[in-house]
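*Asks:* Have a look at this one.
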Amino acid sequence: MDSLFPLILFGVLLVTGFIFGGIAERCHYASIRERERQLADILLVPGKQPPEGLGDCSTAFVCGSAVIGMDYFKKALAAFVNFLGGRIGAYETLVERARREAILRMKEEARRENGRYICNIKFSTANIMGQKAKQAGCVEVIAYGTAIVPHDS
Amino acid sequence: MTSLLLSTMETVPGHVIRKHLGLVQGSSVRSKHFGRDLMASLKNMVGGELKGYTELLQETRDEALERMQAEAVSIGANAVLNVRLATSSVATGAAEVFAYGTAVVLEALPATA
């Protein structure tokens, strides 16, 4: 019986991760899409120069960050796929969510500053949780750039 | 401190660079208390955003930027251009953010009609 306990715990974690992680991810994606629609009028310009012909404008430094973790089910799945090699979808959605969330937060800050464009956007990714196999599966993204605030608005 | 302009661009529209003062930098390493780490690892079971760590990253970044601005002010700059942020993990549960940029003295051009 004692030897069964870790197995049961593993199963429970797997199922909870699958159910709640799945719900959380769908909710997060819905919220990301909704806010992306609301903030679509702020243009992102990865180039170094602001668009031509803007006239008088001021600038502001804006940034946004997000830390997103991966659920237990996906972690187990990723470990298994990693063993076989190939595309790991679980990690792809994780990084995509973190990046889109960070961009949205940066845009929200630009909106507060009345910015219409964000130029020269840079990304930085880090790992706070450490490299231990059990703790991996959480990603931190910082997005930052320069918001352009035209004066005629 | 708010009068200092930060920008990720190399130039600022409507301004001209009068003086170039070289590289300024600021870094900060911070961590959350044990309780927050525990909560984060529990939350990581089901995935989703780890709010405690997002907050940690934000505080660390603000402090690194503040230190960089302080250095820029101390050498007489009124703007820092080409700002870059870099992050790394020096220990589990701790974040290091490193901010650097070019300190300059900007002068506003007369407004173009």
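In the structure tokens, each chain is lettered A, B, ... as it comes, each chain's residues begin at 1, and ligands are numbered from 1 in order of appearance.
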Excluding stretch 57-71 of chain B and its own-chain neighbours fewer than 5 positions away, which residues fall within 8 Å of it when counting only C-alpha atoms? Please give them as a PyMOL selection string.

*Replies:* (chain A and resi 65) or (chain B and resi 1+4+24-30+80+95-100)

*Asks:* Take the selection from the previous step and output its residues with all heavy atoms, as a CSV table (one decimal), in the first residue's frame.

*Replies:*
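File part_5.csv, as written:
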chain,number,residue,atom,x,y,z
A,65,SER,N,5.8,42.9,-18.2
A,65,SER,CA,6.4,41.6,-18.0
A,65,SER,C,5.3,40.6,-17.5
A,65,SER,O,4.3,40.9,-17.0
A,65,SER,CB,7.5,41.7,-16.9
A,65,SER,OG,7.0,42.0,-15.7
B,1,MET,N,13.8,62.9,-10.4
B,1,MET,CA,14.2,61.7,-11.2
B,1,MET,C,13.3,61.6,-12.4
B,1,MET,O,13.7,61.0,-13.5
B,1,MET,CB,14.1,60.4,-10.4
B,1,MET,CG,15.0,59.3,-10.8
B,1,MET,SD,16.7,59.5,-10.4
B,1,MET,CE,16.8,58.6,-8.8
B,4,LEU,N,14.3,62.8,-16.1
B,4,LEU,CA,15.2,62.1,-17.0
B,4,LEU,C,14.4,61.3,-18.0
B,4,LEU,O,13.5,60.5,-17.7
B,4,LEU,CB,16.0,61.1,-16.1
B,4,LEU,CG,17.3,60.7,-16.7
B,4,LEU,CD1,18.4,61.7,-16.5
B,4,LEU,CD2,17.8,59.4,-16.1
B,24,VAL,N,25.9,54.1,-19.0
B,24,VAL,CA,25.5,54.0,-17.6
B,24,VAL,C,24.8,52.7,-17.4
B,24,VAL,O,24.2,52.2,-18.3
B,24,VAL,CB,24.6,55.2,-17.2
B,24,VAL,CG1,25.3,56.5,-17.0
B,24,VAL,CG2,23.5,55.4,-18.2
B,25,GLN,N,24.9,52.2,-16.2
B,25,GLN,CA,24.2,50.9,-16.0
B,25,GLN,C,23.7,50.8,-14.5
B,25,GLN,O,24.1,51.6,-13.7
B,25,GLN,CB,25.3,49.8,-16.2
B,25,GLN,CG,26.6,50.0,-15.4
B,25,GLN,CD,27.6,49.0,-15.8
B,25,GLN,OE1,27.3,47.8,-15.9
B,25,GLN,NE2,28.8,49.4,-16.1
B,26,GLY,N,22.8,49.9,-14.3
B,26,GLY,CA,22.3,49.6,-13.0
B,26,GLY,C,21.8,48.2,-13.0
B,26,GLY,O,21.3,47.7,-13.9
B,27,SER,N,22.0,47.5,-11.8
B,27,SER,CA,21.5,46.2,-11.8
B,27,SER,C,21.0,45.9,-10.4
B,27,SER,O,21.3,46.6,-9.4
B,27,SER,CB,22.6,45.1,-12.1
B,27,SER,OG,23.5,45.0,-11.0
B,28,SER,N,20.2,44.9,-10.3
B,28,SER,CA,19.5,44.6,-9.0
B,28,SER,C,19.2,43.1,-8.9
B,28,SER,O,18.8,42.5,-9.9
B,28,SER,CB,18.2,45.4,-8.9
B,28,SER,OG,17.5,45.0,-7.8
B,29,VAL,N,19.5,42.5,-7.8
B,29,VAL,CA,19.1,41.1,-7.6
B,29,VAL,C,18.2,41.0,-6.4
B,29,VAL,O,18.5,41.6,-5.4
B,29,VAL,CB,20.4,40.2,-7.2
B,29,VAL,CG1,20.0,38.8,-7.1
B,29,VAL,CG2,21.4,40.4,-8.3
B,30,ARG,N,17.0,40.5,-6.6
B,30,ARG,CA,16.0,40.4,-5.6
B,30,ARG,C,15.4,39.1,-5.5
B,30,ARG,O,15.4,38.3,-6.5
B,30,ARG,CB,14.9,41.4,-5.8
B,30,ARG,CG,15.3,42.9,-5.7
B,30,ARG,CD,14.2,43.7,-6.0
B,30,ARG,NE,13.2,43.8,-5.0
B,30,ARG,CZ,13.0,44.8,-4.2
B,30,ARG,NH1,13.6,45.9,-4.4
B,30,ARG,NH2,12.1,44.8,-3.3
B,80,VAL,N,18.7,59.1,-21.1
B,80,VAL,CA,19.4,57.8,-21.3
B,80,VAL,C,18.8,57.2,-22.6
B,80,VAL,O,17.6,56.9,-22.6
B,80,VAL,CB,19.3,56.9,-20.2
B,80,VAL,CG1,20.2,55.6,-20.5
B,80,VAL,CG2,19.8,57.5,-18.9
B,95,ALA,N,15.9,36.9,-9.0
B,95,ALA,CA,16.0,37.4,-10.3
B,95,ALA,C,17.0,38.5,-10.4
B,95,ALA,O,17.1,39.3,-9.5
B,95,ALA,CB,14.6,37.9,-10.8
B,96,GLU,N,17.8,38.5,-11.4
B,96,GLU,CA,18.7,39.6,-11.6
B,96,GLU,C,18.3,40.4,-12.9
B,96,GLU,O,18.1,39.7,-13.9
B,96,GLU,CB,20.2,39.1,-11.8
B,96,GLU,CG,21.1,40.3,-11.6
B,96,GLU,CD,22.3,40.3,-12.6
B,96,GLU,OE1,22.5,39.3,-13.3
B,96,GLU,OE2,23.0,41.3,-12.6
B,97,VAL,N,18.1,41.6,-12.7
B,97,VAL,CA,17.8,42.5,-13.9
B,97,VAL,C,19.0,43.5,-14.1
B,97,VAL,O,19.4,44.1,-13.1
B,97,VAL,CB,16.5,43.1,-13.9
B,97,VAL,CG1,16.3,44.0,-15.1
B,97,VAL,CG2,15.4,42.1,-13.8
B,98,PHE,N,19.4,43.6,-15.3
B,98,PHE,CA,20.6,44.5,-15.6
B,98,PHE,C,20.1,45.5,-16.6
B,98,PHE,O,19.6,45.1,-17.7
B,98,PHE,CB,21.7,43.6,-16.1
B,98,PHE,CG,22.9,44.3,-16.5
B,98,PHE,CD1,23.6,45.2,-15.6
B,98,PHE,CD2,23.5,44.1,-17.7
B,98,PHE,CE1,24.7,45.8,-16.0
B,98,PHE,CE2,24.6,44.8,-18.1
B,98,PHE,CZ,25.2,45.7,-17.2
B,99,ALA,N,20.2,46.8,-16.3
B,99,ALA,CA,19.7,47.8,-17.3
B,99,ALA,C,20.9,48.6,-17.7
B,99,ALA,O,21.8,49.0,-16.8
B,99,ALA,CB,18.7,48.7,-16.7
B,100,TYR,N,21.1,48.9,-19.0
B,100,TYR,CA,22.2,49.8,-19.4
B,100,TYR,C,21.8,50.6,-20.6
B,100,TYR,O,20.8,50.3,-21.3
B,100,TYR,CB,23.4,48.9,-19.8
B,100,TYR,CG,23.2,47.9,-20.8
B,100,TYR,CD1,23.6,48.1,-22.1
B,100,TYR,CD2,22.6,46.7,-20.5
B,100,TYR,CE1,23.4,47.1,-23.1
B,100,TYR,CE2,22.4,45.7,-21.4
B,100,TYR,CZ,22.8,45.9,-22.7
B,100,TYR,OH,22.6,44.9,-23.7

*Asks:* Tell me the residues of chain B close to chain A, meaning within 9 Å using only C-alpha atoms, as a count of residues only.

*Replies:* 45

*Asks:* Identify all residues of stretch 4-94 of chain B in strand (DSSP E or B) (DSSP on the backbone) and supply them as a ChimeraX atom specification.

*Replies:* /B:5-6,15-31,48-49,79-88,94

*Asks:* When you draw a straight line from atom CA of A:Gly89 to atom CA of A:Val45, how long is it in Å?

*Replies:* 28.1 Å

*Asks:* I need the alpha helix (DSSP H) residues of stretch 4-100 of chain A per DSSP on the backbone, written as JSON, numbers by chain.

*Replies:* {"A": [5, 6, 7, 8, 9, 10, 11, 12, 13, 14, 15, 16, 17, 18, 19, 20, 21, 22, 23, 24, 25, 26, 27, 28, 29, 30, 31, 32, 33, 34, 35, 36, 37, 38, 72, 73, 74, 75, 76, 77, 78, 79, 80, 81, 82, 83, 84, 89, 90, 91, 92, 93, 94, 95, 96, 97, 98, 99, 100]}

*Asks:* Please compute the atom CA of A:Asn114-atom CA of A:Val149 distance, one decimal, in Å.

*Replies:* 6.1 Å
